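A short write-up of the structure that comes next.
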Number of protein chains: 2
Amino acid sequence: MQQLEAYSILVEKAVNGLEFPVQPANLYDPLRYFMTLGGKRMRPILTLMGSELFGGKIEQAVPAAMAVEVFHNFTLIHDDIMDEAPLRRGKQTVHTKWDRNIAILSGDVLFVKAYQLLAEQDKSQLYDLLEQFNKTAIEVCEGQQMDMDFETRSDVQESEYIEMIRLKTSVLLGCALELGAIAANADLKDRKHLYDFGQYLGIAFQIQDDILDLYADPDKFGKQVGGDVISNKKTLLNLKAYALADETEKEILRQLSTEADLVLKVEQTRQIYTLIGAREACEKAMKEYYSKAMNALNAVNVSDTARKPLIALADLLMIRNS
Amino acid sequence: MQQLEAYSILVEKAVNGLEFPVQPANLYDPLRYFMTLGGKRMRPILTLMGSELFGGKIEQAVPAAMAVEVFHNFTLIHDDIMDEAPLRRGKQTVHTKWDRNIAILSGDVLFVKAYQLLAEQDKSQLYDLLEQFNKTAIEVCEGQQMDMDFETRSDVQESEYIEMIRLKTSVLLGCALELGAIAANADLKDRKHLYDFGQYLGIAFQIQDDILDLYADPDKFGKQVGGDVISNKKTLLNLKAYALADETEKEILRQLSTEADLVLKVEQTRQIYTLIGAREACEKAMKEYYSKAMNALNAVNVSDTARKPLIALADLLMIRNS
């Protein structure tokens with residue numbers, strides 16, 4: 001996908017062009033470090049694509065695209081503290097390389113930077129950009145809180161899980177696209193369809209992620225296959241499995257959750273999930289959200305040619321590693 | 001000061017009117033709790049006074065005033081984590097009553113709330129409000145980082161200390177006033193004078209705070225007199241003392257810093273600070289900043305009658321407990 005690479009190059013250049021003061025070094029060094037750790041930069045690319053969809057010039061949407069990427073990185077810095085994660089993209093997290101207080105405070109300042117970038121857009125768009133961005137930022141926090149709450153709950157419902165992943169990860173994809181649409185002065189109805197495309201695609205992508213975590217080809221998968229099963233993480237696979245299991249199967253699942261032989265645990269859990277139809281049920285749910293995403297994209301009032309790059313991107317996202 | 005009470009009542013009503021969703025409870029309960037812990041609400045009152053100074057209706061500035069108060073409370077929640085403070089206004093801090101992760105995340109969401117409130121102001125003012133607010137938010141983080149950095153430094157200069165208190169506390173007073181001025185459509189020149197008034201007043205107030213911490217009447221002072229000396233905190237008094245002391249006096253100061261008898265430590269430090277002229281030097285500096293504040297206020301192009309409430313407020317702030 002040649003066009004994607006062009007967006008990538010533009011985004012990487014803009015990220016490298018972000019400027020932070022020299023002092024206080026303990027506040028800004030972590031930001032220089034973290035912002036250049038890499039990543040797919042999917043969100044800012046979505047903003048640029050959202051703008052182009054409506055005939056907007058790419059350059060017009062770059063500050064909004066950077067606002068989304070900077071916000072995303074702010075959430076990662078704070079999430080890493082909360083999750084006590086030592087590594088991010090194979091490198092030390094901010095709270096590990098510096099300390100927790102520095103990670104809190106440099107995260108806060110990065111959050112303000114996102115708003116400063118947003119304010120670089122045309123003044124006439126500022127209110128709409130801000131409204132969408134604020135709403136999304138709050139939802140992302142709500143999603144993170146739900147995720148933390150789920151860790152200690154044993155009665156999580158499938159609908160709650162979907163709502164959690166919608167808030168924690170999907171709304172930001174919708175927001176990224178919609179900010180691009182606002183930058184191109186798209187009308188409200190089209191903005192909402194595009195937002196829904198991003199949101200549903202995000203949910204489909206996250207469900208795919210849950211499935212791949214257990215069923216991916218180890219040679220192609222970036223992380224340990226079965227990681228979610230090993231840590232007894234609540235995922236859609238897990239919730240579907242318990243929902244579909246009869247009493248005997250539930251007992252087996254419970255026993256497997258405390259199995260000390262991790263290779264055996266992963267292998268047997270995979271088998272029983274497949275057997276009772278959890279994998280199939282997840283794939284069905286994933287396809288439904290993907291289909292909803294495509295319907296939303298088709299509802300946007302633009303030519304089929306204009307839609308093509310986003311369809312290509314969605315296809316690319318949904319077939320990786322599988 | 002009857003008028004101040006009227007502002008106070010209005011602000012308290014607006015604070016109580018702030019609405020937070022019910023769920024996730026772990027995200028929003030801490031905010032309901034913390035926002036109603038009380039406090040002087042000085043910052044939102046300044047915003048309302050800043051608006052009235054230019055003939056603006058008070059109601060027009062209420063969302064901006066709330067944005068400032070909400071932002072201030074966000075910084076307190078995060079500062080309390082960083083300072084590991086168990087209490088705030090005599091009540092448990094958020095990270096103590098709930099936990100650290102909840103305090104990080106509910107602080108983040110409160111920060112977004114400040115931006116949502118700002119966006120409730122007239123759209124024509126949004127860019128200016130956002131520009132000033134973003135700049136200030138970043139400076140407050142820089143001030144907090146400098147303050148943390150100072151803890152482990154032994155070479156802090158007086159000018160750095162003043163810059164730290166300017167960033168950590170004073171710019172927000174200037175910002176509070178200027179947001180009110182923007183809400184009343186004041187011109188840029190007047191806005192800047194009013195900002196300077198708040199900023200210089202804040203520095204004068206903070207220096208007074210340093211002096212009172214050691215010299216206040218224990219019966220009238222809200223906290224333990226000598227607390228800064230006991231914890232060897234760097235304050236202007238302390239920096240002035242070392243700057244004015246000869247070698248013998250420096251040696252006495254160093255010995256006092258490790259004195260185990262805390263009553264003796266406070267008493268003797270107070271005596272030597274007075275003797276070498278540190279108290280006098282601080283009072284001089286305080287008066288200079290107060291005077292700068294008044295000059296800035298006088299430069300605002302409004303009637304002397306209009307200025308009176310702010311002068312009364314400044315006088316009230318500068319004579320408490322002394």
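To be explicit about the labels: the chains of the structure tokens are called A, B, and onward in the order shown, and within each one the residues are counted from 1, while ligands get numbers from 1 in the order they are shown.
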
I need the contact residues of chain B against chain A, so if you could list those with any atom within 8 Å, counting only C-alpha atoms, and return them as a PDB file with C-alpha atoms, in the first residue's frame, that would help.
```pdb
ATOM      1  CA  PRO B  24     -17.163   4.148  36.482  1.00  0.00           C
ATOM      2  CA  ASN B  26     -13.798   4.518  40.835  1.00  0.00           C
ATOM      3  CA  LEU B  27     -13.154   7.286  38.336  1.00  0.00           C
ATOM      4  CA  HIS B  78      -1.405  14.702  41.031  1.00  0.00           C
ATOM      5  CA  ILE B  81       0.673  11.598  44.686  1.00  0.00           C
ATOM      6  CA  MET B  82       4.108  13.014  43.899  1.00  0.00           C
ATOM      7  CA  ASN B 101      -3.767   4.486  39.906  1.00  0.00           C
ATOM      8  CA  ILE B 102      -7.203   5.902  40.578  1.00  0.00           C
ATOM      9  CA  ILE B 104      -3.625   9.377  38.352  1.00  0.00           C
ATOM     10  CA  LEU B 105      -6.600   8.552  36.159  1.00  0.00           C
ATOM     11  CA  SER B 106      -9.255  10.621  37.924  1.00  0.00           C
ATOM     12  CA  ASP B 108      -6.450  13.068  34.096  1.00  0.00           C
ATOM     13  CA  VAL B 109     -10.193  13.084  33.573  1.00  0.00           C
ATOM     14  CA  VAL B 112     -10.211  17.205  30.484  1.00  0.00           C
ATOM     15  CA  LYS B 113     -13.186  18.563  32.419  1.00  0.00           C
ATOM     16  CA  TYR B 115     -11.125  22.060  28.912  1.00  0.00           C
ATOM     17  CA  GLN B 116     -14.797  21.168  28.586  1.00  0.00           C
ATOM     18  CA  ALA B 119     -15.322  25.412  25.766  1.00  0.00           C
ATOM     19  CA  LYS B 123     -16.901  30.601  20.839  1.00  0.00           C
ATOM     20  CA  LEU B 126     -12.150  30.161  22.698  1.00  0.00           C
ATOM     21  CA  TYR B 127      -8.827  30.580  20.924  1.00  0.00           C
ATOM     22  CA  LEU B 130      -7.160  28.164  25.194  1.00  0.00           C
ATOM     23  CA  GLU B 131      -3.873  29.836  24.330  1.00  0.00           C
ATOM     24  CA  ASN B 134      -2.416  25.913  27.744  1.00  0.00           C
ATOM     25  CA  ALA B 137      -0.890  24.616  32.415  1.00  0.00           C
ATOM     26  CA  ILE B 138       2.527  23.852  30.961  1.00  0.00           C
ATOM     27  CA  CYS B 141       3.972  21.531  35.401  1.00  0.00           C
ATOM     28  CA  GLU B 142       7.398  23.103  34.842  1.00  0.00           C
ATOM     29  CA  GLN B 145       9.217  19.758  38.205  1.00  0.00           C
ATOM     30  CA  MET B 146      11.627  22.516  39.314  1.00  0.00           C
TER      31      MET B 146
END
```

> Excluding same-chain residues fewer than 5 positions from Lys233 in chain A, what lies within 12 Å of it counting only C-alpha atoms, as a list in words?
Replying inline: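 That gives Asp147, Met148, Phe150, Glu151, Thr152, Arg153, Ser154, Val156, Tyr161, Asp210, Asp213, Leu214, Gly226, Gly227, Asp228, Asn238, Leu239 and Ser257 of chain A.
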
Same residues, C-alpha atoms, output as a short mmCIF file (atom, residue, chain, number, x, y, z; two decimals), in the first residue's frame:
```cif
data_model
loop_
_atom_site.label_atom_id
_atom_site.label_comp_id
_atom_site.auth_asym_id
_atom_site.auth_seq_id
_atom_site.Cartn_x
_atom_site.Cartn_y
_atom_site.Cartn_z
CA ASP A 147 -10.24 -2.32 32.38
CA MET A 148 -8.63 -1.89 35.82
CA PHE A 150 -12.38 -5.82 35.49
CA GLU A 151 -9.17 -7.29 36.95
CA THR A 152 -10.83 -7.87 40.30
CA ARG A 153 -14.32 -8.72 39.03
CA SER A 154 -15.56 -12.22 38.18
CA VAL A 156 -17.88 -9.21 33.70
CA TYR A 161 -16.26 -5.99 27.76
CA ASP A 210 -7.98 -11.35 21.34
CA ASP A 213 -3.34 -13.84 21.05
CA LEU A 214 -4.28 -17.52 21.29
CA GLY A 226 -1.25 -17.51 24.69
CA GLY A 227 -0.18 -14.57 26.87
CA ASP A 228 -3.79 -13.70 27.72
CA ASN A 238 -12.64 -16.12 27.56
CA LEU A 239 -16.08 -14.57 28.16
CA SER A 257 -6.90 -21.40 34.93
#
```

> Closest to Ile182 in chain B among B:Glu5, B:Asp196, B:Glu52, B:Asp219, using only C-alpha atoms?
Replying inline: B:Glu52

> Among range 165-319 of chain B, which residues carry a DSSP assignment of helix (DSSP H, G or I), reported as a ChimeraX atom specification?
Replying inline: /B:165-183,188-215,227-230,236-244,247-257,262-275,278-299,304-319

Leaving out Arg307 in chain A and any residue of its chain fewer than 4 positions from it, which residues lie within 9 Å of it when counting only C-alpha atoms, given as a PDB file with C-alpha atoms, in the first residue's frame?
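Result file is part_23.pdb:
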```pdb
ATOM      1  CA  LEU A  53     -11.502  11.625   2.130  1.00  0.00           C
ATOM      2  CA  LEU A 297     -17.909   4.050   5.578  1.00  0.00           C
ATOM      3  CA  ASN A 298     -20.265   3.421   2.681  1.00  0.00           C
ATOM      4  CA  VAL A 300     -20.225   8.704   3.921  1.00  0.00           C
ATOM      5  CA  VAL A 302     -18.099  10.674  -1.098  1.00  0.00           C
ATOM      6  CA  SER A 303     -17.140   8.804  -4.248  1.00  0.00           C
ATOM      7  CA  ILE A 311     -11.004   0.261   2.710  1.00  0.00           C
ATOM      8  CA  ALA A 312      -7.472  -0.840   1.849  1.00  0.00           C
TER       9      ALA A 312
END
```

> Smallest atom-to-atom distance to Thr47 in chain B: which of B:Ile211, B:Ile77, B:Cys175, B:Leu316, using only C-alpha atoms?
Replying inline: B:Cys175

>> Report, in Å with one decimal, the straight-line distance from CA of Asn185 in chain A to CA of Gln132 in chain A.
In response: 14.1 Å

> Which is closer to Leu244 in chain A than all the others in A:Gln121, A:Ala184, A:Asn295, A:Glu158, using only C-alpha atoms?
Replying inline: A:Glu158

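If you count only C-alpha atoms and ignore residues fewer than 4 places along the chain from Tyr289 in chain A, what sits within 7 Å of it is Tyr200, Leu201, Ile203, Ala204, Ala285 and Ala293 of chain A.
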
>> If DSSP is run on the backbone, what residues of range 62-297 of chain A are strand (DSSP E or B)? A reply as a VMD selection string would be ideal.
In response: chain A and resid 87 to 88 91 to 92

Could you save the residues just selected, with N, CA and C atoms, as an mmCIF file, in the first residue's frame?
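Final output, again_12.cif:
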```cif
data_model
loop_
_atom_site.group_PDB
_atom_site.id
_atom_site.type_symbol
_atom_site.label_atom_id
_atom_site.label_comp_id
_atom_site.auth_asym_id
_atom_site.auth_seq_id
_atom_site.Cartn_x
_atom_site.Cartn_y
_atom_site.Cartn_z
ATOM 1 N N LEU A 87 8.491 -2.288 30.073
ATOM 2 C CA LEU A 87 8.888 -2.051 28.684
ATOM 3 C C LEU A 87 7.723 -1.580 27.826
ATOM 4 N N ARG A 88 8.055 -0.790 26.822
ATOM 5 C CA ARG A 88 7.097 -0.345 25.807
ATOM 6 C C ARG A 88 7.859 -0.339 24.491
ATOM 7 N N LYS A 91 11.524 -0.956 24.686
ATOM 8 C CA LYS A 91 12.409 -0.012 25.398
ATOM 9 C C LYS A 91 11.822 0.276 26.781
ATOM 10 N N GLN A 92 12.663 0.810 27.660
ATOM 11 C CA GLN A 92 12.200 1.127 29.009
ATOM 12 C C GLN A 92 11.056 2.145 28.994
#
```

> Of the candidates B:Leu10, B:Val94, B:Ala64, B:Leu173, which shows the shortest atom-to-atom distance to Met35 in chain B, using only C-alpha atoms?
Replying inline: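 Of all the options, B:Val94 lies closest to Met35 in chain B.
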
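Interatomic distance, CA of Asp315 in chain B against CA of Glu69 in chain B: 22.0 Å.
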
>> Which residues are near Ser8 in chain B? Cut-off 8 Å, only C-alpha atoms, ignore same chain within fewer than 4 positions. Put them as a ChimeraX atom specification.
In response: /B:4,12,41,45

> What lies within 12 Å of Met42 in chain A using only C-alpha atoms, ignoring chain neighbours under 4 positions off, as number ranges by chain?
Replying inline: A: 4-5, 7-8, 11-12, 38, 46-49, 65-66, 68-69, 72, 172-174, 176-177, 198, 202, 310, 313-314, 316-317

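Take the candidates B:Met318, B:Ala14, B:Asp217, B:Ile230 and check each one against Asp261 in chain B using only C-alpha atoms; the shortest distance goes to B:Ile230.
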